[in-house]
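Heads up: the structure comes next, in structure tokens.
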Amino acid sequence: MAQNVMPVSETHQDLYQHDYYSWTLDQARALRERRAEALDWERLAEEVEDLGKSEARALKSQLARLQAHLLKWQLQAAQRRRSKRTANSWRASVEGARQEISDLIDESPGLQRRLPELMPKAFAVAVSLARQETGLDKSVFPPRCPWTFKQVMDEGFWPEA
């Protein structure tokens, strides 16, 4: 099997900019073979940092999803009572977000340190999502997240109006 070796004329920068996929394969191979001279150190460091940022963005996104559905659950109690299908859909979304958040934190426990920062940021997104989905005026939503992380993750927590 022929190995894909980066041509000498092709620099790390060229490969990174024009064929990111091949750059990642080349860098992974160099790491496995412990060829320090073949590593694009600065970009590798940036990519590893970006992996961590991506995990934090995923957590924020799931927190926003969870909080948006809890807001809808709380603020549209009458609609939820009228439509079992709507209630089941919101319940499924809340439970799915809780599971995703739990999985993210289980896989990367260091993300817990980011919760005090991510909860309010996610809540701002949650209000925006809930407003778009419900048509409710911004004034009906609380200015800050009314729940703790522990509450929103509690399987028995379903806020009432």
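Chain labels A, B, ... are given in the sequence in which chains occur in the structure tokens; within each chain residues are numbered consecutively from 1, and ligands are likewise numbered from 1 in the order shown.
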For this session: For Val140 in chain A, work out the shell of residues within 10 Å, counting only C-alpha atoms and skipping chain neighbours fewer than 5 positions away, then give it as a ChimeraX atom specification.
Result: /A:75,127,131
Exercise. What's the 8 Å shell around range 44-57 of chain A, counting only C-alpha atoms, without same-chain residues fewer than 5 positions away, as a PyMOL selection string?
Worked result: chain A and resi 39+104+111+114
Problem set entry | Of the listed residues A:Thr134, A:Thr148, A:Glu95, A:Ala36, that which approaches Leu118 in chain A most closely, counting only C-alpha atoms |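 Among A:Thr134, A:Thr148, A:Glu95, A:Ala36, it is A:Thr148 that comes nearest to Leu118 in chain A.
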Please tabulate, as CSV, the residues of range 24-142 of chain A that come within 8 Å of range 155-158 of chain A, each with its closest pair of atoms and the distance in Å to one decimal, counting only C-alpha atoms and ordering rows by chain, then residue number upward.
residue,atom,partner,partner_atom,distance
A:Leu70,CA,A:Trp158,CA,7.1
A:Trp73,CA,A:Trp158,CA,7.4
A:Gln74,CA,A:Trp158,CA,7.7
A:Glu95,CA,A:Glu155,CA,7.6
Using the selection just defined, write its residues with N, CA and C atoms as an mmCIF file, in the first residue's frame.
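Now in out-v3.cif:
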data_model
loop_
_atom_site.group_PDB
_atom_site.id
_atom_site.type_symbol
_atom_site.label_atom_id
_atom_site.label_comp_id
_atom_site.auth_asym_id
_atom_site.auth_seq_id
_atom_site.Cartn_x
_atom_site.Cartn_y
_atom_site.Cartn_z
ATOM 1 N N LEU A 70 -37.746 24.205 28.375
ATOM 2 C CA LEU A 70 -38.289 24.403 29.723
ATOM 3 C C LEU A 70 -39.087 25.699 29.794
ATOM 4 N N TRP A 73 -42.312 25.006 28.102
ATOM 5 C CA TRP A 73 -43.096 24.150 29.003
ATOM 6 C C TRP A 73 -43.800 25.012 30.049
ATOM 7 N N GLN A 74 -43.040 25.950 30.609
ATOM 8 C CA GLN A 74 -43.568 26.796 31.679
ATOM 9 C C GLN A 74 -44.559 27.836 31.158
ATOM 10 N N GLU A 95 -35.676 15.826 27.604
ATOM 11 C CA GLU A 95 -34.965 14.623 28.027
ATOM 12 C C GLU A 95 -33.753 14.354 27.135
#
